[in-house]
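Asks: Please find input.cif (mmCIF, C-alpha atoms) on the next line:
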```cif
data_final
#
loop_
_atom_site.label_atom_id
_atom_site.label_comp_id
_atom_site.auth_asym_id
_atom_site.auth_seq_id
_atom_site.Cartn_x
_atom_site.Cartn_y
_atom_site.Cartn_z
CA VAL A 1 -2.20 -10.49 4.48
CA ARG A 2 -2.15 -7.94 1.68
CA ARG A 3 -4.12 -5.13 3.32
CA LEU A 4 -4.49 -3.92 6.89
CA PRO A 5 -7.10 -1.52 8.18
CA VAL A 6 -5.87 1.63 9.89
CA VAL A 7 -7.97 2.44 12.96
CA GLU A 8 -7.88 5.59 15.06
CA ASN A 9 -9.89 5.84 18.27
CA GLY A 10 -11.85 2.75 17.25
CA HIS A 11 -12.88 4.18 13.85
CA PRO A 12 -11.50 3.05 10.47
CA VAL A 13 -9.50 5.80 8.77
CA GLY A 14 -7.79 3.95 5.92
CA ILE A 15 -6.07 0.89 4.57
CA VAL A 16 -2.36 0.13 4.23
CA SER A 17 -1.44 -2.33 1.51
CA LEU A 18 1.61 -4.47 0.96
CA GLY A 19 2.34 -2.31 -2.10
CA ASP A 20 2.28 0.86 0.04
CA LEU A 21 4.90 -0.64 2.31
CA ALA A 22 7.00 -1.79 -0.65
CA MET A 23 7.02 1.70 -2.16
CA GLU A 24 8.01 3.20 1.18
CA GLU A 25 10.86 0.73 1.69
CA ASP A 26 12.30 0.61 -1.87
CA GLU A 27 10.75 2.58 -4.72
CA ARG A 28 12.68 0.46 -7.24
CA SER A 29 11.34 -2.93 -6.10
CA ALA A 30 9.18 -4.96 -8.45
CA LEU A 31 6.22 -4.81 -6.07
CA ALA A 32 6.55 -1.03 -5.79
CA ASP A 33 6.61 -0.75 -9.60
CA ILE A 34 3.42 -2.79 -9.87
CA SER A 35 1.72 -0.85 -7.10
CA ALA A 36 2.64 2.53 -8.62
CA ALA A 37 1.50 1.62 -12.14
CA LYS A 38 -1.59 3.26 -13.58
CA PRO A 39 -4.61 0.93 -13.70
CA ASN A 40 -5.63 -0.69 -16.95
CA THR A 41 -8.74 0.83 -18.47
#
```
Can you give me the file's structure in the form of structure tokens?

Replies:
Amino acid sequence: VRRLPVVENGHPVGIVSLGDLAMEEDERSALADISAAKPNT
């Protein structure tokens, strides 16, 4: 699972991704670096 919905009072309020959790746990991890990178345009 890469993304989980965040629900409050039965209504969706957001999504938490694996990258969000990686950045919270260790900002220097490879997954956090990828998740924090600017998108390619």

Asks: Find the residues around Val1 of chain A up to 12 Å (only C-alpha atoms counted), leave out those fewer than 4 positions away in its own chain, and share them as a ChimeraX atom specification.

Replies: /A:5,16-19

Asks: Suppose a student applies the PyMOL selection byres ((chain A and resi 32) around 12) to this structure; what residues should they get, written as number ranges by chain?

Replies: A: 17-31, 33-37

Asks: Would you compute the box with edges along x, y and z of the file around segment 14-29 of chain A, including every atom the file lists for it and 8 Å extra on each side, and give its centre and edge lengths in Å to one decimal, as JSON?

Replies:
```
{"center_x": 2.4, "center_y": -0.3, "center_z": -0.7, "size_x": 36.5, "size_y": 24.4, "size_z": 29.2}
```
